[in-house]
$ cat coords_19.cif   # mmCIF, C-alpha atoms
data_work
loop_
_atom_site.label_atom_id
_atom_site.label_comp_id
_atom_site.auth_asym_id
_atom_site.auth_seq_id
_atom_site.Cartn_x
_atom_site.Cartn_y
_atom_site.Cartn_z
CA MET A 1 -1.62 25.66 41.35
CA ASP A 2 0.48 24.03 44.10
CA PRO A 3 3.98 22.78 43.13
CA PHE A 4 2.94 19.13 43.29
CA GLN A 5 0.11 19.70 40.85
CA ARG A 6 2.52 21.48 38.54
CA LEU A 7 4.94 18.57 38.86
CA ARG A 8 2.26 16.06 37.93
CA LYS A 9 1.03 18.15 35.04
CA SER A 10 4.55 18.51 33.64
CA HIS A 11 5.07 14.72 33.96
CA PHE A 12 8.46 15.47 35.50
CA HIS A 13 7.88 12.79 38.13
CA LEU A 14 8.44 10.26 35.32
CA SER A 15 12.13 11.12 35.46
CA ALA A 16 12.28 9.23 38.79
CA TYR A 17 12.00 5.99 36.83
CA GLY A 18 15.46 6.79 35.49
CA LEU A 19 16.83 5.64 38.85
CA TRP A 20 16.01 2.14 37.64
CA LEU A 21 19.21 2.29 35.56
CA LEU A 22 21.22 1.95 38.77
CA LEU A 23 19.58 -1.34 39.65
CA PRO A 24 21.51 -3.81 37.44
CA LEU A 25 24.74 -2.02 38.38
CA ILE A 26 24.39 -2.79 42.10
CA PRO A 27 26.02 -6.27 41.98
CA ILE A 28 29.02 -4.60 40.35
CA VAL A 29 29.46 -2.63 43.58
CA SER A 30 31.04 -5.73 45.17
CA PRO A 31 34.15 -6.04 42.95
CA TRP A 32 34.37 -2.24 42.89
CA ALA A 33 34.43 -2.18 46.71
CA VAL A 34 37.13 -4.87 46.73
CA SER A 35 39.28 -2.71 44.45
CA PHE A 36 39.10 -0.04 47.17
CA GLY A 37 40.29 -2.44 49.84
CA MET A 38 37.11 -4.06 51.17
CA GLN A 39 37.40 -7.71 52.17
CA PRO A 40 35.96 -9.82 49.28
CA ASN A 41 33.65 -11.99 51.37
CA ALA A 42 32.22 -8.92 53.09
CA ALA A 43 31.76 -7.21 49.73
CA ALA A 44 29.90 -10.28 48.47
CA PHE A 45 26.98 -9.43 50.79
CA LEU A 46 26.55 -5.87 49.47
CA PRO A 47 23.95 -6.66 46.75
CA LEU A 48 21.70 -8.42 49.28
CA LEU A 49 22.16 -5.68 51.87
CA ILE A 50 21.29 -2.99 49.35
CA ALA A 51 18.31 -4.84 47.87
CA PHE A 52 16.68 -5.96 51.09
CA GLY A 53 18.22 -3.74 53.77
CA PHE A 54 19.06 -0.30 52.45
CA THR A 55 15.96 -0.22 50.23
CA LEU A 56 13.74 -1.10 53.19
CA LEU A 57 15.30 1.69 55.26
CA LEU A 58 14.62 4.15 52.43
CA GLN A 59 11.06 2.92 52.19
CA ILE A 60 10.47 3.36 55.93
CA SER A 61 12.29 6.70 56.10
CA ILE A 62 10.47 8.18 53.10
CA PRO A 63 6.97 6.64 53.07
CA ALA A 64 5.89 8.14 49.77
CA SER A 65 4.36 6.98 46.51
CA LEU A 66 5.03 8.22 43.00
CA PRO A 67 2.19 10.27 41.54
CA VAL A 68 -0.24 8.39 39.32
CA LEU A 69 -0.12 9.44 35.69
CA ASN A 70 -3.53 10.41 34.37
CA PRO A 71 -4.58 7.64 31.96
CA ASN A 72 -5.76 10.32 29.54
CA ALA A 73 -2.46 12.17 29.67
CA LYS A 74 -0.77 12.48 26.30
CA LEU A 75 2.95 12.02 26.62
CA GLY A 76 5.19 13.79 24.17
CA ARG A 77 7.85 12.09 22.08
CA PRO A 78 10.75 12.89 24.47
CA TRP A 79 9.00 11.26 27.45
CA ARG A 80 7.99 8.22 25.40
CA LEU A 81 11.53 7.73 24.12
CA PHE A 82 12.97 8.21 27.61
CA LEU A 83 10.69 5.58 29.14
CA ASP A 84 11.26 3.15 26.27
CA SER A 85 15.01 3.67 26.57
CA LEU A 86 14.87 2.33 30.14
CA ILE A 87 13.48 -0.90 28.72
CA ILE A 88 16.15 -1.10 26.00
CA ALA A 89 18.93 -0.41 28.50
CA ALA A 90 17.96 -3.54 30.45
CA VAL A 91 19.62 -5.80 27.86
CA PRO A 92 23.17 -4.35 27.84
CA LEU A 93 23.02 -3.68 31.59
CA GLN A 94 21.95 -7.26 32.33
CA VAL A 95 24.76 -8.60 30.15
CA LEU A 96 27.30 -6.25 31.77
CA MET A 97 26.13 -7.26 35.25
CA LEU A 98 26.48 -10.97 34.48
CA ILE A 99 29.94 -10.61 32.90
CA VAL A 100 31.43 -8.52 35.73
CA SER A 101 29.71 -10.64 38.37
CA ALA A 102 30.93 -13.89 36.82
CA GLU A 103 34.49 -12.57 36.72
CA PHE A 104 34.31 -11.70 40.41
CA TRP A 105 32.57 -14.94 41.44
CA THR A 106 35.05 -17.16 39.60
CA SER A 107 38.15 -15.19 40.71
CA GLY A 108 38.83 -17.45 43.70
CA GLN A 109 38.52 -14.60 46.19
CA LEU A 110 35.32 -15.87 47.85
CA ASN A 111 34.80 -18.62 50.34
CA LEU A 112 31.68 -20.82 50.29
CA VAL A 113 29.53 -18.43 52.31
CA GLY A 114 30.60 -15.42 50.26
CA SER A 115 30.04 -17.31 47.00
CA ILE A 116 26.51 -18.27 47.99
CA ALA A 117 25.67 -14.78 49.23
CA TYR A 118 26.93 -13.14 46.04
CA LEU A 119 25.21 -15.68 43.78
CA VAL A 120 21.89 -15.11 45.55
CA GLY A 121 22.37 -11.35 45.30
CA VAL A 122 23.13 -11.46 41.57
CA GLY A 123 20.21 -13.83 40.96
CA SER A 124 17.87 -11.47 42.79
CA PHE A 125 18.92 -8.57 40.59
CA SER A 126 18.54 -10.76 37.51
CA GLY A 127 14.96 -11.20 38.66
CA PHE A 128 14.54 -7.43 39.02
CA CYS A 129 16.10 -6.77 35.63
CA ALA A 130 15.66 -9.69 33.25
CA ILE A 131 12.32 -11.13 34.32
CA ASN A 132 10.65 -7.89 35.36
CA VAL A 133 11.58 -5.98 32.20
CA GLY A 134 10.92 -9.07 30.08
CA HIS A 135 7.47 -9.10 31.64
CA GLU A 136 6.93 -5.48 30.65
CA LEU A 137 8.02 -6.20 27.09
CA ILE A 138 5.74 -9.17 26.47
CA HIS A 139 2.75 -7.19 27.76
CA PHE A 140 3.06 -3.60 26.70
CA HIS A 141 5.22 -3.67 23.62
CA ILE A 142 3.74 -6.74 21.96
CA PHE A 143 0.19 -5.82 22.92
CA PRO A 144 0.28 -2.02 23.14
CA SER A 145 -2.77 -0.05 24.23
CA ASP A 146 -4.79 1.88 21.66
CA GLN A 147 -3.30 5.15 22.89
CA ILE A 148 0.25 3.89 22.38
CA LYS A 149 -0.62 2.49 18.95
CA SER A 150 -2.06 5.83 17.88
CA LYS A 151 1.23 7.60 18.67
CA GLY A 152 3.59 4.92 17.42
CA GLY A 153 4.62 1.69 19.05
CA PHE A 154 7.81 0.80 20.87
CA LEU A 155 10.45 3.48 20.18
CA MET A 156 7.76 5.31 18.18
CA LEU A 157 8.03 2.62 15.49
CA SER A 158 5.18 0.95 13.67
CA PRO A 159 3.36 -1.74 15.69
CA SER A 160 4.92 -4.54 13.62
CA GLN A 161 8.47 -3.16 13.92
CA GLY A 162 8.03 -2.48 17.62
CA ALA A 163 6.66 -5.99 18.19
CA LEU A 164 9.65 -7.58 16.46
CA ILE A 165 12.22 -5.60 18.42
CA SER A 166 10.41 -6.10 21.71
CA LYS A 167 10.21 -9.86 21.12
CA LEU A 168 13.96 -10.01 20.53
CA LEU A 169 14.64 -7.94 23.65
CA ALA A 170 12.26 -9.98 25.80
CA SER A 171 13.71 -13.24 24.49
CA SER A 172 17.25 -12.07 25.26
CA LEU A 173 16.42 -10.94 28.79
CA LEU A 174 14.48 -14.08 29.68
CA ALA A 175 17.23 -16.17 28.08
CA SER A 176 19.74 -14.79 30.58
CA VAL A 177 17.83 -16.64 33.32
CA TRP A 178 16.71 -19.66 31.27
CA PHE A 179 13.09 -18.56 31.51
CA GLY A 180 11.79 -18.43 27.96
CA THR A 181 8.75 -20.44 29.08
CA PHE A 182 7.58 -17.25 30.81
CA PHE A 183 5.99 -16.20 27.50
CA ALA A 184 3.40 -18.97 27.68
CA ALA A 185 3.19 -19.43 31.45
CA HIS A 186 2.41 -15.80 32.16
CA LEU A 187 0.21 -14.84 29.23
CA LYS A 188 -1.65 -18.08 28.57
CA ILE A 189 -2.04 -19.42 32.09
CA HIS A 190 -1.61 -16.77 34.76
CA HIS A 191 -3.49 -13.86 33.19
CA LEU A 192 -6.35 -16.02 31.96
CA TYR A 193 -6.92 -18.03 35.13
CA VAL A 194 -5.54 -15.89 37.98
CA GLY A 195 -7.47 -16.54 41.17
CA THR A 196 -8.74 -19.96 40.08
CA SER A 197 -7.50 -23.50 40.64
CA LYS A 198 -6.36 -23.58 37.00
CA ASP A 199 -3.69 -21.02 37.76
CA CYS A 200 -0.74 -22.68 39.44
CA TYR A 201 0.73 -19.20 39.95
CA THR A 202 -2.01 -18.23 42.40
CA ALA A 203 -1.03 -19.52 45.83
CA LYS A 204 -3.93 -21.24 47.55
CA ARG A 205 -4.87 -20.27 51.07
CA GLY A 206 -2.78 -22.29 53.50
CA GLN A 207 -0.15 -23.19 50.89
CA SER A 208 3.38 -22.44 52.07
CA VAL A 209 5.84 -20.52 49.94
CA TYR A 210 8.07 -23.61 49.92
CA LEU A 211 5.44 -25.91 48.39
CA PHE A 212 4.39 -23.15 46.02
CA ALA A 213 7.93 -22.62 44.71
CA ILE A 214 8.61 -26.34 44.29
CA GLN A 215 5.28 -26.83 42.51
CA ASN A 216 6.02 -24.13 39.96
CA LEU A 217 9.73 -24.70 39.48
CA VAL A 218 9.08 -28.36 38.75
CA GLY A 219 5.90 -27.93 36.71
CA ASN A 220 6.65 -24.66 34.90
CA PHE A 221 8.30 -26.09 31.80
CA GLN A 222 5.81 -28.93 31.32
CA LYS A 223 2.76 -26.70 31.76
CA SER A 224 4.17 -23.94 29.58
CA PHE A 225 4.95 -26.25 26.68
CA ALA A 226 1.57 -27.96 27.01
CA VAL A 227 -0.41 -24.71 26.84
CA GLU A 228 1.87 -23.37 24.08
CA LYS A 229 1.39 -26.52 22.00
CA LYS A 230 -2.38 -26.29 22.38
CA SER A 231 -2.44 -22.60 21.51
CA LEU A 232 -0.27 -23.05 18.41
CA ALA A 233 -2.33 -26.04 17.25
CA LEU A 234 -5.41 -23.80 17.17
CA GLN A 235 -3.46 -21.51 14.83
CA GLY A 236 -2.29 -24.40 12.65
CA LYS A 237 1.29 -24.09 13.93
CA THR A 238 3.76 -26.36 15.71
CA LEU A 239 6.08 -25.88 18.68
CA LEU A 240 8.88 -25.13 16.21
CA GLN A 241 7.14 -21.79 15.60
CA SER A 242 6.95 -20.91 19.29
CA ASP A 243 8.50 -17.75 20.75
CA ILE A 244 9.79 -19.95 23.56
CA LEU A 245 12.35 -21.60 21.29
CA LEU A 246 14.09 -18.35 20.40
CA SER A 247 14.73 -17.63 24.06
CA ILE A 248 15.88 -21.20 24.72
CA ALA A 249 18.32 -20.98 21.81
CA ILE A 250 19.78 -17.75 23.20
CA SER A 251 19.97 -19.36 26.67
CA ALA A 252 21.96 -22.26 25.23
CA ILE A 253 24.38 -19.89 23.49
CA MET A 254 24.88 -17.88 26.69
CA THR A 255 25.46 -21.07 28.68
CA ILE A 256 28.11 -22.24 26.23
CA ILE A 257 29.84 -18.84 26.34
CA PHE A 258 29.98 -18.80 30.15
CA TYR A 259 31.33 -22.36 30.17
CA ALA A 260 33.87 -21.66 27.44
CA TYR A 261 35.24 -18.54 29.15
CA TRP A 262 35.02 -19.42 32.87
CA GLY A 263 34.81 -23.22 32.76
CA ILE A 264 32.71 -25.22 35.18
CA TYR A 265 32.63 -22.32 37.62
CA GLY A 266 31.21 -20.03 34.97
CA LEU A 267 28.59 -22.63 34.10
CA THR A 268 27.67 -23.01 37.78
CA PHE A 269 27.42 -19.24 38.17
CA PHE A 270 25.20 -18.75 35.13
CA LEU A 271 22.81 -21.58 35.97
CA GLY A 272 22.84 -20.70 39.68
CA GLN A 273 21.86 -17.06 39.21
CA ALA A 274 19.14 -18.17 36.78
CA LEU A 275 17.69 -20.54 39.37
CA VAL A 276 17.72 -17.80 42.02
CA ALA A 277 15.95 -15.41 39.62
CA MET A 278 13.23 -18.02 39.00
CA ILE A 279 12.81 -18.61 42.74
CA PHE A 280 12.61 -14.87 43.30
CA LEU A 281 9.86 -14.60 40.69
CA GLU A 282 7.86 -17.40 42.30
CA TRP A 283 8.30 -15.71 45.67
CA MET A 284 6.80 -12.53 44.24
CA ASN A 285 3.99 -14.51 42.58
CA TYR A 286 3.25 -16.07 45.95
CA LEU A 287 2.87 -12.69 47.64
CA GLN A 288 1.00 -10.98 44.80
CA HIS A 289 -1.95 -13.38 44.74
CA TYR A 290 -1.83 -15.38 47.97
CA GLY A 291 -5.26 -16.64 48.97
CA ILE A 292 -7.27 -14.61 46.46
CA VAL A 293 -10.22 -16.19 44.65
CA ARG A 294 -12.33 -15.27 41.65
CA ILE A 295 -15.90 -16.41 42.15
CA GLN A 296 -17.39 -18.97 39.77
CA ASP A 297 -21.15 -19.15 39.28
CA SER A 298 -23.24 -22.29 38.77
CA SER A 299 -22.72 -22.17 35.00
CA GLY A 300 -18.95 -22.26 35.41
CA ARG A 301 -18.41 -18.63 34.44
CA ILE A 302 -15.69 -16.77 36.37
CA GLU A 303 -16.07 -13.19 37.47
CA PRO A 304 -13.84 -10.60 35.77
CA VAL A 305 -10.58 -9.67 37.47
CA ARG A 306 -11.23 -7.02 40.11
CA GLU A 307 -9.08 -4.74 42.27
CA TRP A 308 -9.11 -7.19 45.17
CA HIS A 309 -7.63 -10.04 43.15
CA ALA A 310 -4.03 -8.93 43.84
CA TRP A 311 -1.98 -7.57 46.71
CA ASN A 312 -0.59 -4.08 46.02
CA GLU A 313 2.06 -1.80 47.47
CA LYS A 314 2.49 1.97 47.14
CA SER A 315 6.17 2.41 48.01
CA TRP A 316 8.15 4.65 45.67
CA THR A 317 11.15 2.32 45.89
CA SER A 318 9.22 -0.69 44.60
CA GLN A 319 7.50 1.47 42.00
CA ILE A 320 10.92 2.34 40.59
CA TYR A 321 12.90 -0.89 40.85
CA LEU A 322 9.94 -3.11 39.95
CA LEU A 323 8.52 -0.66 37.37
CA ASN A 324 5.14 -0.48 39.11
CA LEU A 325 4.72 -4.25 39.21
CA LEU A 326 3.13 -3.88 42.65
CA ARG A 327 0.37 -1.70 41.27
CA HIS A 328 -0.66 -5.22 40.46
CA SER A 329 -4.44 -4.98 40.46
CA ASP A 330 -4.44 -2.41 37.68
CA HIS A 331 -1.95 -4.52 35.74
CA HIS A 332 -4.26 -7.55 35.80
CA MET A 333 -7.35 -5.50 35.00
CA ASN A 334 -5.56 -3.64 32.19
CA PRO A 335 -2.67 -5.83 30.99
CA ASP A 336 -2.09 -3.59 27.97
CA LYS A 337 -1.13 -0.59 30.13
CA PRO A 338 2.56 0.35 30.13
CA PHE A 339 4.12 0.51 33.58
CA TYR A 340 4.06 4.31 33.82
CA TYR A 341 0.25 4.47 33.41
CA LEU A 342 -0.54 1.93 36.14
CA SER A 343 -2.40 3.33 39.14
CA ASP A 344 -3.05 2.50 42.77
CA SER A 345 -6.39 1.19 43.98
CA PRO A 346 -7.96 2.19 47.31
CA VAL A 347 -9.90 -1.09 47.49
CA ALA A 348 -7.06 -3.46 46.57
CA LEU A 349 -5.63 -5.88 49.09
CA ALA A 350 -2.65 -4.39 50.87
CA TYR A 351 -0.17 -5.97 53.24
CA PRO A 352 0.30 -4.14 56.56
CA TYR A 353 4.09 -4.20 56.13
CA PRO A 354 6.44 -3.59 53.17
CA TYR A 355 6.93 -6.43 50.71
CA THR A 356 10.46 -7.06 51.97
CA ILE A 357 9.15 -7.76 55.45
CA MET A 358 6.30 -9.87 54.08
CA MET A 359 8.82 -11.91 52.07
CA ALA A 360 10.74 -12.66 55.27
CA MET A 361 7.49 -13.37 57.13
CA SER A 362 6.37 -15.85 54.45
CA LEU A 363 9.35 -18.02 55.38
CA ILE A 364 7.54 -18.70 58.66
CA PRO A 365 4.13 -19.90 57.35
CA PRO A 366 2.13 -19.73 60.64
CA LEU A 367 3.25 -16.13 61.15
CA PHE A 368 2.43 -15.23 57.54
CA TYR A 369 -1.01 -16.87 57.77
CA SER A 370 -1.85 -15.05 60.99
CA VAL A 371 -1.43 -11.73 59.19
CA THR A 372 -2.86 -12.52 55.75
CA HIS A 373 -5.86 -14.63 56.76
CA ARG A 374 -7.15 -11.88 59.01
CA ILE A 375 -7.10 -9.45 56.08
CA LEU A 376 -8.65 -11.95 53.66
CA ASP A 377 -11.42 -12.92 56.09
CA SER A 378 -12.35 -9.30 56.71
CA HIS A 379 -12.62 -8.47 53.00
CA PRO A 380 -16.28 -8.21 51.92
CA ARG A 381 -15.66 -9.95 48.58
CA LEU A 382 -13.11 -12.61 49.53
CA GLY A 383 -14.11 -13.76 52.99
CA LYS A 384 -16.49 -16.51 51.86
CA ALA A 385 -15.04 -17.21 48.42
CA GLN A 386 -14.15 -20.73 47.33
CA TYR A 387 -11.80 -21.80 44.58
CA ALA A 388 -13.32 -22.53 41.20
CA PRO A 389 -13.22 -26.23 40.27
CA GLN A 390 -10.60 -27.53 37.85
CA ASN A 391 -12.96 -28.37 34.99
CA ASN A 392 -15.55 -26.56 32.91
CA THR A 393 -14.11 -23.14 33.71
CA LYS A 394 -15.37 -20.29 31.57
CA GLN A 395 -14.27 -16.69 31.57
CA THR A 396 -16.34 -13.58 31.38
#

$ encode --input "coords_19.cif" --output "structure tokens"
Amino acid sequence: MDPFQRLRKSHFHLSAYGLWLLLPLIPIVSPWAVSFGMQPNAAAFLPLLIAFGFTLLLQISIPASLPVLNPNAKLGRPWRLFLDSLIIAAVPLQVLMLIVSAEFWTSGQLNLVGSIAYLVGVGSFSGFCAINVGHELIHFHIFPSDQIKSKGGFLMLSPSQGALISKLLASSLLASVWFGTFFAAHLKIHHLYVGTSKDCYTAKRGQSVYLFAIQNLVGNFQKSFAVEKKSLALQGKTLLQSDILLSIAISAIMTIIFYAYWGIYGLTFFLGQALVAMIFLEWMNYLQHYGIVRIQDSSGRIEPVREWHAWNEKSWTSQIYLLNLLRHSDHHMNPDKPFYYLSDSPVALAYPYPYTIMMAMSLIPPLFYSVTHRILDSHPRLGKAQYAPQNNTKQT
């Protein structure tokens, strides 16, 4: 047995996900660097440089991918608790990051450029931490796979106990970026209608990232509450019984605390980083499903989600700091899989450059189209596809 096979069999590669714990601490590097004599406005750029510069260099220098965990592999209690603890740690780490970052941002040490750079950096990491982990919680821990259920739910608790704790954690994380509507938008719109014209989170071919972001930032709350109201009505419930409201209530409390402690600057910081986190999420949504289409037959039935209905990436850096979010095809085909079971697909759409470069390229639409349209047109299942009409859409 070669050493890599032994490593995979021992599941030791799962320990690499522990590096995720460093992620929410990165914005704290700025005030730490200032305490060692670095100029504050220079230090304000460190989170952005680390997230989109240093990480890219690592990705290019070490072009590797984390091993795929066998879906039939039975993880022991220590590994399960370790992986679940990463999810739990997101809440205190997110809170710590926001408190230290707010103190630095409101200290009066930064000029306008430094303030904007640091706010964007903190907001980006809020996206990595709050929204990404919140996403994991609402999928895996509320709707765990049969294998996870059979060995105990979240934290090895019963399914009902695990669901309650995970809902509180998800609500708290999403509340820190005013994004409680993510519960409904993601589960009841995106996953049901991805790749169709009913899904506003699937970017249509030829749609710029700017129009896409504006469309979703403006329409997110209205669409989320509309689909939530409809879903609850079918269960004989009202919006007052929605999971969204818990997160909104926590958001309001957090907003009041930031205003009470840091005044108008604290309020601006909290709302500003939340807006950046939302924009970052929409940017990722744009890249993950740009131009893909699920075929609809003459009866209005939509094909099942396939490997080519999402753009993937195999970089070990993104697999760690995004918790395998970019093994995105498998996530949509198997939304009940926890992040550490997600696998790569050899037939999935793949960008020719790392996601960081594609993000920058998307800011210049003609350049982005020249790369992506060539790949889409050459794909045997997507080249001639057309978007499903708005009405009479059925799912297989």

$ closest_residue --input "coords_19.cif" --among "A:Asn285, A:Ser166, A:Ser171, A:Gln319" --to "Leu246 of chain A" --atoms "all atoms listed in the file"
A:Ser171

$ resolve_selection --input "coords_19.cif" --expression "the PyMOL selection byres ((chain A and resi 242) around 10)" --output "count of residues only"
18

$ atom_distance --input "coords_19.cif" --atom1 "atom CA of Asp336 of chain A" --atom2 "atom CA of Ala348 of chain A"
19.3 Å

$ atom_distance --input "coords_19.cif" --atom1 "atom CA of Ala102 of chain A" --atom2 "atom CA of Gly37 of chain A"
19.7 Å

$ residues_around --input "coords_19.cif" --residues "segment 206-218 of chain A" --least-positions-apart "4" --cutoff "12 Å" --atoms "all atoms listed in the file" --output "PyMOL selection string"
chain A and resi 178-179+181-182+185-186+190+199-202+222-224+274-292+358-370+372-373+376

$ write_last_selection --input "coords_19.cif" --atoms "C-alpha atoms" --output "PDB file, in the frame of the given file"
ATOM      1  CA  TRP A 178      16.710 -19.660  31.270  1.00  0.00           C
ATOM      2  CA  PHE A 179      13.090 -18.560  31.510  1.00  0.00           C
ATOM      3  CA  THR A 181       8.750 -20.440  29.080  1.00  0.00           C
ATOM      4  CA  PHE A 182       7.580 -17.250  30.810  1.00  0.00           C
ATOM      5  CA  ALA A 185       3.190 -19.430  31.450  1.00  0.00           C
ATOM      6  CA  HIS A 186       2.410 -15.800  32.160  1.00  0.00           C
ATOM      7  CA  HIS A 190      -1.610 -16.770  34.760  1.00  0.00           C
ATOM      8  CA  ASP A 199      -3.690 -21.020  37.760  1.00  0.00           C
ATOM      9  CA  CYS A 200      -0.740 -22.680  39.440  1.00  0.00           C
ATOM     10  CA  TYR A 201       0.730 -19.200  39.950  1.00  0.00           C
ATOM     11  CA  THR A 202      -2.010 -18.230  42.400  1.00  0.00           C
ATOM     12  CA  GLN A 222       5.810 -28.930  31.320  1.00  0.00           C
ATOM     13  CA  LYS A 223       2.760 -26.700  31.760  1.00  0.00           C
ATOM     14  CA  SER A 224       4.170 -23.940  29.580  1.00  0.00           C
ATOM     15  CA  ALA A 274      19.140 -18.170  36.780  1.00  0.00           C
ATOM     16  CA  LEU A 275      17.690 -20.540  39.370  1.00  0.00           C
ATOM     17  CA  VAL A 276      17.720 -17.800  42.020  1.00  0.00           C
ATOM     18  CA  ALA A 277      15.950 -15.410  39.620  1.00  0.00           C
ATOM     19  CA  MET A 278      13.230 -18.020  39.000  1.00  0.00           C
ATOM     20  CA  ILE A 279      12.810 -18.610  42.740  1.00  0.00           C
ATOM     21  CA  PHE A 280      12.610 -14.870  43.300  1.00  0.00           C
ATOM     22  CA  LEU A 281       9.860 -14.600  40.690  1.00  0.00           C
ATOM     23  CA  GLU A 282       7.860 -17.400  42.300  1.00  0.00           C
ATOM     24  CA  TRP A 283       8.300 -15.710  45.670  1.00  0.00           C
ATOM     25  CA  MET A 284       6.800 -12.530  44.240  1.00  0.00           C
ATOM     26  CA  ASN A 285       3.990 -14.510  42.580  1.00  0.00           C
ATOM     27  CA  TYR A 286       3.250 -16.070  45.950  1.00  0.00           C
ATOM     28  CA  LEU A 287       2.870 -12.690  47.640  1.00  0.00           C
ATOM     29  CA  GLN A 288       1.000 -10.980  44.800  1.00  0.00           C
ATOM     30  CA  HIS A 289      -1.950 -13.380  44.740  1.00  0.00           C
ATOM     31  CA  TYR A 290      -1.830 -15.380  47.970  1.00  0.00           C
ATOM     32  CA  GLY A 291      -5.260 -16.640  48.970  1.00  0.00           C
ATOM     33  CA  ILE A 292      -7.270 -14.610  46.460  1.00  0.00           C
ATOM     34  CA  MET A 358       6.300  -9.870  54.080  1.00  0.00           C
ATOM     35  CA  MET A 359       8.820 -11.910  52.070  1.00  0.00           C
ATOM     36  CA  ALA A 360      10.740 -12.660  55.270  1.00  0.00           C
ATOM     37  CA  MET A 361       7.490 -13.370  57.130  1.00  0.00           C
ATOM     38  CA  SER A 362       6.370 -15.850  54.450  1.00  0.00           C
ATOM     39  CA  LEU A 363       9.350 -18.020  55.380  1.00  0.00           C
ATOM     40  CA  ILE A 364       7.540 -18.700  58.660  1.00  0.00           C
ATOM     41  CA  PRO A 365       4.130 -19.900  57.350  1.00  0.00           C
ATOM     42  CA  PRO A 366       2.130 -19.730  60.640  1.00  0.00           C
ATOM     43  CA  LEU A 367       3.250 -16.130  61.150  1.00  0.00           C
ATOM     44  CA  PHE A 368       2.430 -15.230  57.540  1.00  0.00           C
ATOM     45  CA  TYR A 369      -1.010 -16.870  57.770  1.00  0.00           C
ATOM     46  CA  SER A 370      -1.850 -15.050  60.990  1.00  0.00           C
ATOM     47  CA  THR A 372      -2.860 -12.520  55.750  1.00  0.00           C
ATOM     48  CA  HIS A 373      -5.860 -14.630  56.760  1.00  0.00           C
ATOM     49  CA  LEU A 376      -8.650 -11.950  53.660  1.00  0.00           C
TER      50      LEU A 376
END

$ atom_distance --input "coords_19.cif" --atom1 "atom CA of Cys129 of chain A" --atom2 "atom CA of Lys198 of chain A"
28.1 Å

$ axis_aligned_box --input "coords_19.cif" --around "segment 68-74 of chain A" --padding-each-side "8 Å" --output "AutoDock Vina command-line options"
--center_x -2.9 --center_y 10.1 --center_z 32.8 --size_x 21.6 --size_y 20.8 --size_z 29.0

$ resolve_selection --input "coords_19.cif" --expression "the PyMOL selection byres ((chain A and resi 322) around 9)" --output "PyMOL selection string"
chain A and resi 20+128-129+132-133+317-321+323-326
